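Remarks on the structure that follows.
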Amino acid sequence: MSDAPTATPVARGVSPWWRVLSILLALALLVGWAASASLYEQLKAQIQHLQTRLAQVPQVRQIAVLLDAQGQPAMLITHNPQEAALAVQRLNAVREGREDSMQIWGLAPGQAPRSLGVITSRYQTLQLPLKAEELQGLSELGISAENKGGVPDAAGPSLPWLFKGALVSKAI
């Protein structure tokens, strides 16, 4: 026999610490993936909710502040093409008489005034149905006092204007 020292066999397996560490890392990756998927779904839901709310917000495209004879703001008029409505807000205390109506006119350079509607409500704000095409080419809006119910386009407005102002197209 020989006197040579015998070599102890070396274990060729993986340390239990490495196994625990790899399981923990796999769990961390799984939790991270689940969290990111959840955040992604929440983000999609928020975007969809905000898009729905944005579609419901009035998209005012044209605006006019009509001034009285003293240059004071008298009416705020805005147009929302989504609702096809002209929103009129009174900014002063002027009201129609019992036998009078206020009629809104569209003014374009070189053309006769075009009736856009009659203010039939004594409330502070009201809406008149009006398509966006009816405002095309107009540069100003005016309001005249007319007989109850207004007058046809052919008759034209009674002058002088009660209120008048520029119609401005708003950038989106």
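Note on naming: chains are A, B, ... as they come in the structure tokens, residues start from 1 per chain, ligands start from 1 in the order shown.
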
Considering only C-alpha atoms, return as a ChimeraX atom specification whatever protein or nucleic-acid residues lie within 10 Å of A:Leu135, sequence-local ones (same chain, fewer than 4 positions apart) excluded.
/A:62,79,106-108,114,116,130-131,139-141,167,169

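Running DSSP on the backbone and keeping only helix (DSSP H, G or I), the residues of stretch 63-154 of chain A that qualify are Ala132, Glu133, Glu134, Leu135, Asp153 and Ala154 of chain A.
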
Show me, as a ChimeraX atom specification, the residues that have an atom within 8 Å of A:Gly165 when counting only C-alpha atoms, minus same-chain residues fewer than 6 positions from it.
/A:64-67,140-142

Write to file, as a PDB file, in the first residue's frame, the residues of the selection just made, with all heavy atoms.
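What follows is the written file selection-v6.pdb:
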ATOM      1  N   ALA A  64     -67.251  85.640 -28.882  1.00  0.00           N
ATOM      2  CA  ALA A  64     -67.436  87.068 -29.109  1.00  0.00           C
ATOM      3  C   ALA A  64     -67.873  87.718 -27.808  1.00  0.00           C
ATOM      4  O   ALA A  64     -68.711  87.174 -27.088  1.00  0.00           O
ATOM      5  CB  ALA A  64     -68.484  87.310 -30.196  1.00  0.00           C
ATOM      6  N   VAL A  65     -67.291  88.862 -27.511  1.00  0.00           N
ATOM      7  CA  VAL A  65     -67.738  89.680 -26.394  1.00  0.00           C
ATOM      8  C   VAL A  65     -68.382  90.903 -27.030  1.00  0.00           C
ATOM      9  O   VAL A  65     -67.714  91.696 -27.692  1.00  0.00           O
ATOM     10  CB  VAL A  65     -66.572  90.089 -25.466  1.00  0.00           C
ATOM     11  CG1 VAL A  65     -67.065  91.017 -24.364  1.00  0.00           C
ATOM     12  CG2 VAL A  65     -65.915  88.863 -24.873  1.00  0.00           C
ATOM     13  N   LEU A  66     -69.701  91.020 -26.852  1.00  0.00           N
ATOM     14  CA  LEU A  66     -70.427  92.133 -27.438  1.00  0.00           C
ATOM     15  C   LEU A  66     -70.430  93.301 -26.453  1.00  0.00           C
ATOM     16  O   LEU A  66     -70.694  93.119 -25.263  1.00  0.00           O
ATOM     17  CB  LEU A  66     -71.855  91.721 -27.785  1.00  0.00           C
ATOM     18  CG  LEU A  66     -71.982  90.480 -28.692  1.00  0.00           C
ATOM     19  CD1 LEU A  66     -73.435  90.269 -29.084  1.00  0.00           C
ATOM     20  CD2 LEU A  66     -71.111  90.581 -29.917  1.00  0.00           C
ATOM     21  N   LEU A  67     -70.127  94.476 -26.958  1.00  0.00           N
ATOM     22  CA  LEU A  67     -70.018  95.665 -26.133  1.00  0.00           C
ATOM     23  C   LEU A  67     -71.227  96.560 -26.328  1.00  0.00           C
ATOM     24  O   LEU A  67     -71.802  96.621 -27.418  1.00  0.00           O
ATOM     25  CB  LEU A  67     -68.742  96.432 -26.494  1.00  0.00           C
ATOM     26  CG  LEU A  67     -67.438  95.621 -26.461  1.00  0.00           C
ATOM     27  CD1 LEU A  67     -66.275  96.468 -26.948  1.00  0.00           C
ATOM     28  CD2 LEU A  67     -67.175  95.086 -25.073  1.00  0.00           C
ATOM     29  N   GLU A 140     -68.254  89.646 -37.288  1.00  0.00           N
ATOM     30  CA  GLU A 140     -68.812  90.297 -36.109  1.00  0.00           C
ATOM     31  C   GLU A 140     -70.192  89.732 -35.801  1.00  0.00           C
ATOM     32  O   GLU A 140     -70.845  89.161 -36.673  1.00  0.00           O
ATOM     33  CB  GLU A 140     -68.972  91.802 -36.338  1.00  0.00           C
ATOM     34  CG  GLU A 140     -67.697  92.584 -36.435  1.00  0.00           C
ATOM     35  CD  GLU A 140     -67.972  94.068 -36.602  1.00  0.00           C
ATOM     36  OE1 GLU A 140     -68.483  94.467 -37.652  1.00  0.00           O
ATOM     37  OE2 GLU A 140     -67.673  94.810 -35.638  1.00  0.00           O
ATOM     38  N   LEU A 141     -70.604  89.929 -34.562  1.00  0.00           N
ATOM     39  CA  LEU A 141     -71.968  89.624 -34.147  1.00  0.00           C
ATOM     40  C   LEU A 141     -72.565  90.903 -33.578  1.00  0.00           C
ATOM     41  O   LEU A 141     -71.860  91.708 -32.973  1.00  0.00           O
ATOM     42  CB  LEU A 141     -71.995  88.520 -33.079  1.00  0.00           C
ATOM     43  CG  LEU A 141     -71.464  87.150 -33.478  1.00  0.00           C
ATOM     44  CD1 LEU A 141     -71.568  86.188 -32.296  1.00  0.00           C
ATOM     45  CD2 LEU A 141     -72.202  86.595 -34.677  1.00  0.00           C
ATOM     46  N   GLY A 142     -73.854  91.060 -33.789  1.00  0.00           N
ATOM     47  CA  GLY A 142     -74.549  92.220 -33.253  1.00  0.00           C
ATOM     48  C   GLY A 142     -75.895  91.803 -32.701  1.00  0.00           C
ATOM     49  O   GLY A 142     -76.454  90.784 -33.107  1.00  0.00           O
TER      50      GLY A 142
END

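Here atom CA of A:Leu162 is placed at a distance of 15.2 Å from atom CA of A:Gly117.
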
According to DSSP computed on the backbone, where in stretch 31-81 of chain A is there strand (DSSP E)? Give the residues as a ChimeraX atom specification.
/A:62-67,73-80

Keeping only N, CA and C atoms, write those residues as a CSV table (one decimal), in the first residue's frame.
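And here is the file that came out, result.csv:
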chain,number,residue,atom,x,y,z
A,62,GLN,N,-65.6,79.4,-31.5
A,62,GLN,CA,-65.7,80.8,-31.7
A,62,GLN,C,-66.2,81.5,-30.5
A,63,ILE,N,-65.8,82.7,-30.3
A,63,ILE,CA,-66.2,83.5,-29.1
A,63,ILE,C,-66.3,85.0,-29.5
A,64,ALA,N,-67.3,85.6,-28.9
A,64,ALA,CA,-67.4,87.1,-29.1
A,64,ALA,C,-67.9,87.7,-27.8
A,65,VAL,N,-67.3,88.9,-27.5
A,65,VAL,CA,-67.7,89.7,-26.4
A,65,VAL,C,-68.4,90.9,-27.0
A,66,LEU,N,-69.7,91.0,-26.9
A,66,LEU,CA,-70.4,92.1,-27.4
A,66,LEU,C,-70.4,93.3,-26.5
A,67,LEU,N,-70.1,94.5,-27.0
A,67,LEU,CA,-70.0,95.7,-26.1
A,67,LEU,C,-71.2,96.6,-26.3
A,73,PRO,N,-68.6,95.4,-21.6
A,73,PRO,CA,-69.1,94.1,-22.0
A,73,PRO,C,-70.5,93.9,-21.6
A,74,ALA,N,-71.3,93.5,-22.6
A,74,ALA,CA,-72.8,93.3,-22.4
A,74,ALA,C,-73.2,91.8,-22.6
A,75,MET,N,-72.6,91.1,-23.5
A,75,MET,CA,-72.9,89.7,-23.8
A,75,MET,C,-71.7,88.9,-24.2
A,76,LEU,N,-71.6,87.7,-23.7
A,76,LEU,CA,-70.6,86.8,-24.0
A,76,LEU,C,-71.2,85.7,-24.8
A,77,ILE,N,-70.7,85.5,-26.1
A,77,ILE,CA,-71.3,84.5,-27.0
A,77,ILE,C,-70.2,83.5,-27.4
A,78,THR,N,-70.5,82.2,-27.2
A,78,THR,CA,-69.6,81.2,-27.6
A,78,THR,C,-70.3,80.2,-28.4
A,79,HIS,N,-69.6,79.5,-29.3
A,79,HIS,CA,-70.2,78.4,-30.1
A,79,HIS,C,-69.4,77.1,-29.8
A,80,ASN,N,-70.2,76.1,-29.5
A,80,ASN,CA,-69.7,74.7,-29.3
A,80,ASN,C,-70.2,73.9,-30.5

Would you tabulate, counting only C-alpha atoms, all residues of stretch 15-98 of chain A that have an atom at most 9 Å from an atom of stretch 143-153 of chain A, showing the closest pair of atoms and their distance in Å to one decimal, sorted by chain then ascending number, as a Markdown table?
| residue | atom | partner | partner_atom | distance |
| --- | --- | --- | --- | --- |
| A:Leu66 | CA | A:Ile143 | CA | 8.2 |
| A:Glu96 | CA | A:Ala145 | CA | 7.7 |
| A:Gly97 | CA | A:Lys148 | CA | 8.8 |
| A:Arg98 | CA | A:Lys148 | CA | 7.8 |

Save out the residues we just selected, C-alpha atoms, as a PDB file, in the first residue's frame.
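The result, stored in part.pdb:
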ATOM      1  CA  LEU A  66     -70.427  92.133 -27.438  1.00  0.00           C
ATOM      2  CA  GLU A  96     -86.131  93.097 -23.296  1.00  0.00           C
ATOM      3  CA  GLY A  97     -89.389  94.980 -22.914  1.00  0.00           C
ATOM      4  CA  ARG A  98     -92.767  93.230 -22.956  1.00  0.00           C
TER       5      ARG A  98
END

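The spacing separating atom CA of A:Glu133 from atom CA of A:Ala85 amounts to 11.6 Å.
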